[in-house]
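Here's the structure, in structure tokens; my notes come after.
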Amino acid sequence: MGVDVRSVMLVGVLLSALTVLLLAQAGRAFPAERRRHLRIWTVGLLLQPVAWALLALRGQLPEMASIAFGNGLLLLGFAEMCRAVRGFQGLPERRWLWWGVVAAATLLLLWFAGGQPHYSARVLVNSSTAMVLLGGIALALSPALGQGGFSAARLTGAFAGMGMLTAVWRFAEHSLAPRVDGSLFEAGPSDLVVFVYACVGVMFLSLGFVLMHTERAYEDLRKLASVDPLTGVLARNGLSEQGQRLLSEMRRHGRPLSMLLMDMDQFKAVNDSLGHEAGDRLLRHLAERARLVLRGEDVLARLGGDEFVAMLPSTDGAGAGVVAERLREALHHAHMLFHGEEVPVPLSIGVAEARPDDTLDDLLKRADLAMYRAKRAGGDRVELAAAR
């Protein structure tokens, strides 16, 4: 083929070492709870240069050590990568299963290297095991393969699938034309493609795995910015995103959409008399009671302070008024308990039905005006904004 296989192995050793350094540096940027799977992957990656060194020393080491243990370590590296991906995806790692597959393959390689030497038999063992391990990675990432657009999981899964296909090609070639004698230094077309993938492809798999961690860290930050940490409901940023979505769906499907703007009438008095711990408990109490009254498709958010917003899809102003009264009554009859003392939760609620040309700010302003009318009327009541 005109390609020096030892040179390909050397490139694999260097790339593996550089990728290990990259993973070690990248792992420091992630929270401690996110580093475990990167550590497992890094261990698998560290086995690669050792494996290639053993394979490159064929002829200078006993065949069994070079061939069986070299290939065994290579496969064990892929097994650890499979474990890391499965764990990252929230699936059972099943390390004993993967280690058992590699141990069985290594025993067969020992037999076909020393007991009954057969080159193609070794290739078949190696290729079938690689198919299982790379298939395990691709299968764990298969949900991402069915999604549109770019994602690191989709790219990594596709690259693992590509490696599985190269192993299938090599398996088929040696099944159709088996050779008793031979070595990887006399590589055929499929052998060479597999070697290049195992040397160079591991780097791309590793980069994809790091990107998967980066994407998840970004998603965690996005959720942190979208969720109010005190009450667990959406924060203002989350309301903006969900509100725009609901307004778009209202216009597209012609269904009504209404908003409730809630404000506690005695929140400052509770804070001043009982302290901020009681105020925080009061906010959580309101969020919990509101969740019990609202439907699953309704959106609940905290604007800030003691102001909460609920958006009710497929609900007109009159229906939203009924929901608001139900919510006010639920809080009226379920006082918060604080150190054995009942704390009432009077609530003023403004209700506004969205118009076709409303922005989220427009809807908020009209609900806000209705809520302040409720407060001026004495509080603990519901007011509906004017339809036009």
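Identifiers for the structure tokens are assigned positionally: chains receive A, B, ... in sequence, residues are indexed from 1 per chain, and ligands are indexed from 1 in the order shown.
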Residues of range 138-235 of chain A at most 9 Å from range 77-98 of chain A: nearest atom pair and distance in Å, only C-alpha atoms, as CSV:
residue,atom,partner,partner_atom,distance
A:Ala138,CA,A:Cys82,CA,8.9
A:Ala140,CA,A:Arg86,CA,5.8
A:Leu141,CA,A:Gln89,CA,7.6
A:Val202,CA,A:Phe78,CA,9.0
A:Ser206,CA,A:Met81,CA,8.9
A:Phe209,CA,A:Val85,CA,7.8
A:His213,CA,A:Phe88,CA,8.6
List every residue of range 111-139 of chain A that has an atom at most 10 Å from any atom of range 156-162 of chain A, giving for each one its closest atom pair and the distance in Å to one decimal, counting only C-alpha atoms, sorted by chain and then by ascending residue number, as CSV.
residue,atom,partner,partner_atom,distance
A:Met131,CA,A:Gly161,CA,8.9
A:Leu133,CA,A:Ala160,CA,9.2
A:Leu134,CA,A:Ala160,CA,5.5
A:Gly135,CA,A:Gly161,CA,6.6
A:Gly136,CA,A:Ala160,CA,8.8
A:Ile137,CA,A:Ala160,CA,6.4
A:Ala138,CA,A:Gly157,CA,4.6
A:Leu139,CA,A:Gly157,CA,7.7
Which residues in range 155-362 of chain A does DSSP call strand (DSSP E or B)? List them as a PyMOL selection string. chain A and resi 227+234+257-264+299-304+307-313+336-338+341-343+347-353
Kindly save the residues from that selection, with C-alpha atoms included, as a PDB file, in the first residue's frame.
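And here is the file that came out, selection24.pdb:
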ATOM      1  CA  VAL A 227     -35.294  28.960  36.742  1.00  0.00           C
ATOM      2  CA  LEU A 234     -39.379  29.970  35.826  1.00  0.00           C
ATOM      3  CA  LEU A 257     -54.156  33.002  25.717  1.00  0.00           C
ATOM      4  CA  SER A 258     -54.458  34.745  29.077  1.00  0.00           C
ATOM      5  CA  MET A 259     -52.112  35.973  31.786  1.00  0.00           C
ATOM      6  CA  LEU A 260     -52.430  36.234  35.563  1.00  0.00           C
ATOM      7  CA  LEU A 261     -50.201  38.743  37.378  1.00  0.00           C
ATOM      8  CA  MET A 262     -50.130  37.993  41.114  1.00  0.00           C
ATOM      9  CA  ASP A 263     -48.825  40.131  43.949  1.00  0.00           C
ATOM     10  CA  MET A 264     -49.009  39.355  47.691  1.00  0.00           C
ATOM     11  CA  VAL A 299     -46.544  28.444  32.585  1.00  0.00           C
ATOM     12  CA  LEU A 300     -45.706  29.802  36.051  1.00  0.00           C
ATOM     13  CA  ALA A 301     -42.877  32.288  36.613  1.00  0.00           C
ATOM     14  CA  ARG A 302     -41.557  34.670  39.241  1.00  0.00           C
ATOM     15  CA  LEU A 303     -41.008  38.185  37.913  1.00  0.00           C
ATOM     16  CA  GLY A 304     -39.106  39.316  40.986  1.00  0.00           C
ATOM     17  CA  GLU A 307     -44.728  39.145  41.831  1.00  0.00           C
ATOM     18  CA  PHE A 308     -45.645  35.955  39.971  1.00  0.00           C
ATOM     19  CA  VAL A 309     -47.018  35.441  36.474  1.00  0.00           C
ATOM     20  CA  ALA A 310     -49.059  32.547  35.101  1.00  0.00           C
ATOM     21  CA  MET A 311     -49.724  32.173  31.382  1.00  0.00           C
ATOM     22  CA  LEU A 312     -52.745  30.043  30.483  1.00  0.00           C
ATOM     23  CA  PRO A 313     -52.876  28.745  26.896  1.00  0.00           C
ATOM     24  CA  MET A 336     -48.588  29.289  55.575  1.00  0.00           C
ATOM     25  CA  LEU A 337     -47.355  27.832  58.860  1.00  0.00           C
ATOM     26  CA  PHE A 338     -44.213  29.455  60.242  1.00  0.00           C
ATOM     27  CA  GLU A 341     -47.973  30.491  63.535  1.00  0.00           C
ATOM     28  CA  GLU A 342     -50.451  30.793  60.666  1.00  0.00           C
ATOM     29  CA  VAL A 343     -49.523  33.489  58.157  1.00  0.00           C
ATOM     30  CA  LEU A 347     -53.356  37.971  46.941  1.00  0.00           C
ATOM     31  CA  SER A 348     -54.180  40.607  44.335  1.00  0.00           C
ATOM     32  CA  ILE A 349     -54.428  39.222  40.815  1.00  0.00           C
ATOM     33  CA  GLY A 350     -54.694  41.046  37.511  1.00  0.00           C
ATOM     34  CA  VAL A 351     -56.051  39.107  34.517  1.00  0.00           C
ATOM     35  CA  ALA A 352     -55.484  40.021  30.856  1.00  0.00           C
ATOM     36  CA  GLU A 353     -56.377  38.171  27.667  1.00  0.00           C
TER      37      GLU A 353
END
Could you name the residues that touch Val20 in chain A at 10 Å or less, counting only C-alpha atoms, but leaving out those on the same chain fewer than 5 positions away, as a PDB file with C-alpha atoms, in the first residue's frame?
ATOM      1  CA  LEU A  14       1.398  11.049  19.745  1.00  0.00           C
ATOM      2  CA  LEU A  15      -2.242  11.966  19.105  1.00  0.00           C
ATOM      3  CA  GLN A  25      -6.976  20.440  30.930  1.00  0.00           C
ATOM      4  CA  ALA A  26     -10.593  20.562  29.749  1.00  0.00           C
ATOM      5  CA  ARG A  39     -11.778  10.499  33.877  1.00  0.00           C
ATOM      6  CA  TRP A  41     -12.623   8.204  29.060  1.00  0.00           C
ATOM      7  CA  THR A  42      -9.109   9.482  29.828  1.00  0.00           C
ATOM      8  CA  VAL A  43      -8.146   6.119  31.345  1.00  0.00           C
ATOM      9  CA  GLY A  44      -9.349   4.425  28.172  1.00  0.00           C
ATOM     10  CA  LEU A  45      -7.372   6.896  26.102  1.00  0.00           C
ATOM     11  CA  LEU A  46      -4.215   6.318  28.167  1.00  0.00           C
ATOM     12  CA  MET A 203      -8.877  11.919  18.787  1.00  0.00           C
ATOM     13  CA  SER A 206     -12.473  12.417  22.307  1.00  0.00           C
TER      14      SER A 206
END
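Using only C-alpha atoms for every distance, the candidate list A:Val210, A:Leu292, A:Val123, A:Leu176 yields A:Val210 as the residue closest to Arg35 in chain A.
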Just list the residues in range 130-309 of chain A DSSP gives alpha helix (DSSP H) on the backbone, as a VMD selection string. chain A and resid 130 to 140 142 to 145 152 to 176 189 to 196 202 to 226 236 to 253 267 to 274 276 to 293
Hey, what's within 7 Å of Ser127 in chain A if we count only C-alpha atoms and toss same-chain stuff fewer than 6 positions away? As a PyMOL selection string, please? chain A and resi 167-168+170-171
Closest of A:Asp220, A:Trp169, A:Ala198, A:Ala334 to Glu288 in chain A - atom-to-atom distances counting only C-alpha atoms: A:Ala334
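Residue nearest Leu23 in chain A within the list A:Val50, A:Ala152, A:Met371, A:Leu211: A:Leu211 [criterion: smallest interatomic distance, only C-alpha atoms].
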